[in-house]
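Let me begin by presenting the structure, written as structure tokens, before commenting on it.
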Amino acid sequence: MPDTGDPPTRIGLVGTGFIAEAHAAAYDAVDRAEVVAVTAPSGAAEFAAGVPGAAGYDDLGELLAADVDAVDVCVPTPAHREVVEAVPDDLPVLCEKPLARSLADARALADRERLMVGHVVRFSPAYRRARDHLDDAAVVRTRRIGPMPDWADWYADPSRSGGVLLDLAIHDFDYLRWTLGPVERVFVRRRRWGDGEAHAVTTLRHESGAVAHVEASWAQPGSRAFTTSFEAAGPGTLLEYDAEDPTGFRRYCEDGATRETPAGRSAMARQLAAFVDWVEWEVGEADLRMPRRRSRHAGGSPPVSGAEALAAVRVSLAAIESAERGDPVAPGEVAP
Amino acid sequence: MRVGVLSAAHLHVAAYATHLAAFEDVTLTGVADDDPDRGRAFADDFDVPYRDADDLLADVDAAVVCAANADHRAWVKRAADAGVDVLSEKPLATTTTDAVAMADRCRAAGVILGVAMPLRFSPPARRARDALADLGDLQFVVGWNRGSIPDGWFLDPEAAGGGAVQDHTVHLLDLVRWLTGEEVREVYAETATGMHDVAVEDVNVLSMELTDGSAFTLDGSWSKPDGWHTWGDAGAELVGTEGVVEFEHTAPAFRLTHDDADPTQQTVGYGADANERLVRDFVDAVREGRAPETTAADGVREVAVVEAAYESAARAEPVAVEYPEE
């Protein structure tokens, strides 16, 4: 987009963990935004030191006082509600997925008007382009597999992370809902062992009649890097996508091998750019001569709304219930 | 050894006949068929006599039944009555009742009954079997065996006993039973007719539990379009506490594009031919008087799982597999 001369959107980042680092790095590729403030219970100053132009704050109140235009919430799932609710209603928020750990928390957040939820797969070039070809999909297979996340200990505690069905499979649950429509029922086989290792396959039946099977794994050995794939078959049609094959870029050096398929800006950068576009709209058209200020003017709806994210959480919670009960479960059945 | 073909209904009959004809120690003696036109066409293609069934059975040591699924029982009975060892196409039968009757009849007659499961002879599958010891305790098997939709009797509920569930469950099921030594305890099925205008299901997604508590999911849909580059795929991911193995039977292949060919792009397999090894194993089993790789008992158990899958699909509930007593 051409540089309009508007001042960049000032982002306040909450959290300093793995995904906060990914967000901070991706904002580099978003011209019209900069991270100006970071907060976390500890380590904010150190984190901010690595983000040019950012200052660290001890708590959210101080961050908000730093006059940010939008808040990006990258804290562990159980803290999403508390943090988002502490942000004034009129300040746009990007909250990482899943929206919340419990249905009650997700419902509490879902009605927030100025909330976008970080279902980043919707911004993956491959997944986005695939939607052009999926109108009649009858049977769909998704895979999202990798080793157990080892950069934080809350993943291994299902009461905090929701396990592989809420934290990982939700990416595909959201994408499939967005693409194939509402889900009628889910049936899950899940196995868990060791220190949080888990492998699950969720079979979904959509109201349209389409059937999908979603594989989510935190059980791969460290030697198998995280990867995803996607296939969809319809009348006379088959679409096959595999992140691993073919690869557009490979690097082999003594320190290891890299295999990727660069496709322009990353999905994360595209997502953050969409957030910033929406923030600029939400806040109103910037006037070069006027200081930016928060506005109660209602702009367009967010790229991924709280309501959409709530629906995805329902599917995940239904999947968890199915895994535990051994029966099919409808998303609408999940008890608050 | 003299071997006959009983019915040329199944699309694999050509492969089996080709290999049998090429074995130096086998004479492909003839074909019998309840469809004379089909039988005669096959006889012409393979330059063997088209014969009356009883006449043929009196003249062979062994036979391969390539009939439609619902007709396996009648042909196998005729072979058993004639004292002829027999290899039946899969699934062994369309009902557990039929499958048990076939196994019992052959046992009583003292003849060998094998079931045609080529995947046990697949080099990638055998390599996976060898690697299982590295995986620790098996937790999960994710399997797939997709293909393009066949035609003719395969789409007739009476003759085939169903669609993709009937056609594309037992191959991977047999393989997983062979790899793990376990049985299916319970199956949950989601099926649909979503891709073709046919009277049977073409979507086959099964979610099962094995007797050791591990999970086993299978996509056996008829979901490859006619224009896809090969016949289908067959493989699995096996996840254990110490490691993961993944294999794909069709992988040993290269892509060939030829503007003058139809289709212009094809996939040419270069792996050891699993169908050839299957038929070879059957011939050797007959010669040595031993069980073939996939036995009647295997076939019966696999039919029981397919029956449970259909029940589950109808009820939208998981169903415990009922195995007949042996």
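Quick note on naming: the chains in the structure tokens go A, B, ... in the order shown, residues restart at 1 in each chain, and ligands are numbered from 1 in order of appearance.
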Check: which chain A residues lie within 10 Å of chain B using only C-alpha atoms, as a VMD selection string: chain A and resid 136 to 141 185 187 to 194 197 to 205 209 to 213 215 217 219 to 224 232 to 239 326 to 328
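Around Val279 of chain A, within 9 Å and counting only C-alpha atoms, the residues found are Thr9, Asp69, Ala70, Leu91, Pro92, Val93, Arg114, Ala274, Gly284, Gly299 and Pro302 of chain A, once anything fewer than 5 positions away on its own chain is removed.
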Excluding Val87 of chain A and its own-chain neighbours fewer than 6 positions away, which residues fall within 9 Å of it when counting only C-alpha atoms? Please give them as a PyMOL selection string. chain A and resi 60-61+64+71+93
From segment 91-262 of chain B, collect each residue whose DSSP state is alpha helix (DSSP H) and return the set as an MDAnalysis selection string. chainID B and resid 96:109 123:131 157:160 164:168 170:180
If you keep C-alpha atoms, can you produce a file of those selected residues as a CSV table (one decimal), in the first residue's frame?
chain,number,residue,atom,x,y,z
B,96,THR,CA,-20.0,-62.5,8.4
B,97,THR,CA,-22.4,-65.4,7.9
B,98,ASP,CA,-21.1,-66.0,4.4
B,99,ALA,CA,-17.5,-65.6,5.4
B,100,VAL,CA,-17.8,-68.1,8.3
B,101,ALA,CA,-19.6,-70.6,6.0
B,102,MET,CA,-16.8,-70.3,3.4
B,103,ALA,CA,-14.1,-70.8,6.0
B,104,ASP,CA,-16.0,-73.8,7.5
B,105,ARG,CA,-16.6,-75.4,4.1
B,106,CYS,CA,-13.0,-75.1,3.1
B,107,ARG,CA,-11.8,-76.4,6.4
B,108,ALA,CA,-14.2,-79.4,6.2
B,109,ALA,CA,-13.1,-80.1,2.7
B,123,PRO,CA,8.1,-53.1,0.3
B,124,PRO,CA,7.3,-49.9,2.1
B,125,ALA,CA,4.8,-51.7,4.4
B,126,ARG,CA,7.4,-54.4,5.1
B,127,ARG,CA,10.0,-51.8,6.0
B,128,ALA,CA,7.5,-50.2,8.3
B,129,ARG,CA,6.9,-53.6,10.0
B,130,ASP,CA,10.6,-53.9,10.6
B,131,ALA,CA,10.8,-50.5,12.2
B,157,PRO,CA,-25.4,-52.6,-3.5
B,158,GLU,CA,-26.6,-56.2,-4.0
B,159,ALA,CA,-23.5,-57.4,-5.9
B,160,ALA,CA,-20.9,-55.5,-4.0
B,164,ALA,CA,-16.3,-47.5,-0.5
B,165,VAL,CA,-16.6,-49.0,2.9
B,166,GLN,CA,-16.9,-52.5,1.4
B,167,ASP,CA,-14.2,-51.9,-1.2
B,168,HIS,CA,-11.6,-49.8,0.6
B,170,VAL,CA,-10.2,-54.3,4.3
B,171,HIS,CA,-6.9,-53.6,2.6
B,172,LEU,CA,-5.6,-51.2,5.2
B,173,LEU,CA,-7.4,-53.1,8.0
B,174,ASP,CA,-5.7,-56.3,7.1
B,175,LEU,CA,-2.3,-54.5,6.9
B,176,VAL,CA,-2.8,-52.9,10.3
B,177,ARG,CA,-3.8,-56.2,11.9
B,178,TRP,CA,-0.7,-57.8,10.4
B,179,LEU,CA,1.5,-54.9,11.5
B,180,THR,CA,0.2,-54.7,15.1
Counting only C-alpha atoms, figure out which residue out of A:Phe123, A:Phe226, A:Tyr175, A:Phe18 gets nearest to Asp242 of chain A. A:Phe226
Counting only C-alpha atoms, what is within 10 Å of Ala63 of chain B, bar same-chain residues fewer than 6 positions away, as a PyMOL selection string? chain B and resi 2-6+28-31+56-57+75-76+79+84-88+113+282-283
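Pairwise distance (atom CA of Asp151 of chain B, atom CA of Val305 of chain B) equals 24.0 Å.
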In Å, rounded to a single decimal, give me how far atom CA of Glu34 of chain A is from atom CA of Pro7 of chain A.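 Between atom CA of Pro7 of chain A and atom CA of Glu34 of chain A the gap is 9.8 Å.
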Neighbouring residues of Ala14 of chain B were defined as those with any atom within 12 Å, considering only C-alpha atoms; residues of the same chain fewer than 2 positions away were excluded. Please report them as a PyMOL selection string. chain B and resi 5+7-12+16-21+31+39+41-46+64+66+275-276
Kindly indicate which residue among A:Leu166, A:Ala263, A:Ala269, A:Ala243 lies nearest to Ala25 of chain A, using only C-alpha atoms for the distances. A:Ala269
Among segment 229-291 of chain B, which ones does DSSP place in strand (DSSP E), written as a list in words? Gly235, Ala236, Glu237, Leu238, Val239, Gly240, Val244, Val245, Glu246, Phe247, Glu248, Ala253, Phe254, Arg255, Leu256, Thr257, Gln265, Gln266, Thr267, Val268 and Gly269 of chain B
With all heavy atoms retained, write the just-selected residues as a compact mmCIF listing (two decimals), in the first residue's frame.
# COMPACT_ATOMS: atom_id res chain seq x y z
N GLY B 235 -1.39 -46.22 2.71
CA GLY B 235 -0.29 -46.04 3.64
C GLY B 235 -0.79 -45.75 5.03
O GLY B 235 -2.01 -45.74 5.28
N ALA B 236 0.13 -45.52 5.92
CA ALA B 236 -0.25 -45.22 7.29
C ALA B 236 0.88 -44.54 8.03
O ALA B 236 2.05 -44.63 7.63
CB ALA B 236 -0.66 -46.49 8.03
N GLU B 237 0.49 -43.84 9.07
CA GLU B 237 1.43 -43.27 10.04
C GLU B 237 1.21 -44.06 11.33
O GLU B 237 0.06 -44.22 11.77
CB GLU B 237 1.09 -41.79 10.26
CG GLU B 237 1.89 -41.11 11.36
CD GLU B 237 1.27 -39.77 11.77
OE1 GLU B 237 0.08 -39.57 11.51
OE2 GLU B 237 1.99 -38.95 12.36
N LEU B 238 2.28 -44.56 11.90
CA LEU B 238 2.17 -45.29 13.17
C LEU B 238 2.92 -44.49 14.22
O LEU B 238 4.12 -44.21 14.06
CB LEU B 238 2.76 -46.70 13.04
CG LEU B 238 2.00 -47.57 12.03
CD1 LEU B 238 2.80 -47.74 10.75
CD2 LEU B 238 1.68 -48.92 12.62
N VAL B 239 2.22 -44.10 15.26
CA VAL B 239 2.77 -43.22 16.29
C VAL B 239 2.94 -44.01 17.58
O VAL B 239 1.98 -44.56 18.12
CB VAL B 239 1.84 -42.02 16.55
CG1 VAL B 239 2.44 -41.09 17.60
CG2 VAL B 239 1.56 -41.27 15.25
N GLY B 240 4.16 -44.07 18.06
CA GLY B 240 4.44 -44.76 19.31
C GLY B 240 5.04 -43.81 20.32
O GLY B 240 5.31 -42.64 20.01
N VAL B 244 7.95 -42.46 15.37
CA VAL B 244 6.87 -42.46 14.37
C VAL B 244 7.39 -43.05 13.08
O VAL B 244 8.53 -42.79 12.68
CB VAL B 244 6.41 -41.00 14.11
CG1 VAL B 244 5.42 -40.94 12.95
CG2 VAL B 244 5.77 -40.41 15.37
N VAL B 245 6.54 -43.84 12.44
CA VAL B 245 6.86 -44.38 11.12
C VAL B 245 5.73 -43.99 10.18
O VAL B 245 4.56 -44.00 10.58
CB VAL B 245 6.99 -45.92 11.20
CG1 VAL B 245 6.60 -46.59 9.90
CG2 VAL B 245 8.39 -46.33 11.59
N GLU B 246 6.09 -43.64 8.97
CA GLU B 246 5.07 -43.36 7.98
C GLU B 246 5.49 -44.06 6.70
O GLU B 246 6.67 -44.04 6.35
CB GLU B 246 4.96 -41.84 7.74
CG GLU B 246 3.56 -41.37 7.66
CD GLU B 246 3.37 -39.87 7.59
OE1 GLU B 246 3.52 -39.21 8.64
OE2 GLU B 246 3.05 -39.39 6.50
N PHE B 247 4.56 -44.70 6.01
CA PHE B 247 4.92 -45.36 4.76
C PHE B 247 3.81 -45.16 3.74
O PHE B 247 2.65 -44.94 4.08
CB PHE B 247 5.20 -46.85 4.97
CG PHE B 247 3.96 -47.66 5.31
CD1 PHE B 247 3.20 -48.26 4.30
CD2 PHE B 247 3.55 -47.80 6.62
CE1 PHE B 247 2.05 -48.98 4.61
CE2 PHE B 247 2.40 -48.52 6.94
CZ PHE B 247 1.66 -49.12 5.94
N GLU B 248 4.17 -45.24 2.48
CA GLU B 248 3.21 -45.11 1.39
C GLU B 248 3.55 -46.16 0.34
O GLU B 248 4.65 -46.15 -0.24
CB GLU B 248 3.25 -43.70 0.78
CG GLU B 248 2.46 -43.53 -0.51
CD GLU B 248 1.00 -43.93 -0.40
OE1 GLU B 248 0.30 -43.38 0.48
OE2 GLU B 248 0.54 -44.78 -1.20
N ALA B 253 7.80 -44.74 -7.46
CA ALA B 253 7.18 -44.43 -8.75
C ALA B 253 7.83 -43.19 -9.31
O ALA B 253 8.35 -42.36 -8.57
CB ALA B 253 5.68 -44.20 -8.58
N PHE B 254 7.81 -43.05 -10.63
CA PHE B 254 8.24 -41.79 -11.24
C PHE B 254 7.12 -41.28 -12.12
O PHE B 254 6.20 -42.01 -12.49
CB PHE B 254 9.55 -41.95 -12.03
CG PHE B 254 9.54 -43.07 -13.05
CD1 PHE B 254 8.89 -42.93 -14.28
CD2 PHE B 254 10.21 -44.25 -12.79
CE1 PHE B 254 8.88 -43.95 -15.21
CE2 PHE B 254 10.23 -45.28 -13.73
CZ PHE B 254 9.55 -45.14 -14.93
N ARG B 255 7.20 -40.01 -12.44
CA ARG B 255 6.16 -39.38 -13.24
C ARG B 255 6.61 -39.34 -14.69
O ARG B 255 7.74 -38.97 -14.98
CB ARG B 255 5.90 -37.96 -12.74
CG ARG B 255 4.80 -37.26 -13.50
CD ARG B 255 4.23 -36.12 -12.69
NE ARG B 255 5.25 -35.16 -12.31
CZ ARG B 255 5.08 -34.24 -11.39
NH1 ARG B 255 3.95 -34.15 -10.73
NH2 ARG B 255 6.05 -33.41 -11.11
N LEU B 256 5.72 -39.73 -15.57
CA LEU B 256 6.02 -39.75 -16.99
C LEU B 256 4.98 -38.92 -17.73
O LEU B 256 3.79 -39.17 -17.60
CB LEU B 256 5.99 -41.21 -17.49
CG LEU B 256 6.22 -41.44 -18.98
CD1 LEU B 256 7.64 -41.03 -19.37
CD2 LEU B 256 6.00 -42.92 -19.32
N THR B 257 5.42 -37.94 -18.48
CA THR B 257 4.52 -37.12 -19.28
C THR B 257 4.79 -37.40 -20.75
O THR B 257 5.94 -37.33 -21.18
CB THR B 257 4.74 -35.63 -18.99
OG1 THR B 257 4.59 -35.40 -17.59
CG2 THR B 257 3.72 -34.78 -19.75
N GLN B 265 -0.16 -37.55 -18.56
CA GLN B 265 0.72 -37.73 -17.41
C GLN B 265 0.34 -39.00 -16.68
O GLN B 265 -0.82 -39.21 -16.34
CB GLN B 265 0.60 -36.56 -16.44
CG GLN B 265 1.62 -35.49 -16.68
CD GLN B 265 1.89 -34.62 -15.44
OE1 GLN B 265 1.44 -34.92 -14.35
NE2 GLN B 265 2.63 -33.56 -15.64
N GLN B 266 1.32 -39.85 -16.45
CA GLN B 266 1.02 -41.02 -15.63
C GLN B 266 2.13 -41.22 -14.61
O GLN B 266 3.23 -40.70 -14.75
CB GLN B 266 0.88 -42.31 -16.41
CG GLN B 266 1.17 -42.31 -17.84
CD GLN B 266 1.37 -43.71 -18.38
OE1 GLN B 266 1.29 -44.72 -17.69
NE2 GLN B 266 1.65 -43.78 -19.65
N THR B 267 1.77 -42.01 -13.62
CA THR B 267 2.75 -42.38 -12.61
C THR B 267 3.10 -43.84 -12.84
O THR B 267 2.21 -44.68 -12.92
CB THR B 267 2.16 -42.16 -11.21
OG1 THR B 267 2.01 -40.77 -11.02
CG2 THR B 267 3.09 -42.71 -10.14
N VAL B 268 4.37 -44.11 -12.98
CA VAL B 268 4.82 -45.46 -13.28
C VAL B 268 5.51 -46.04 -12.06
O VAL B 268 6.54 -45.52 -11.61
CB VAL B 268 5.80 -45.43 -14.48
CG1 VAL B 268 6.29 -46.84 -14.79
CG2 VAL B 268 5.13 -44.80 -15.70
N GLY B 269 4.94 -47.09 -11.51
CA GLY B 269 5.52 -47.70 -10.32
C GLY B 269 6.74 -48.54 -10.68
O GLY B 269 6.76 -49.20 -11.70
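Put simply, atom CA of Leu134 of chain A is 13.7 Å away from atom CA of His206 of chain A.
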Applying 9 Å and only C-alpha atoms, which residues near Arg177 of chain A remain after dropping the ones on its own chain fewer than 6 positions away? List them as a PyMOL selection string. chain A and resi 183+206+308+311-312
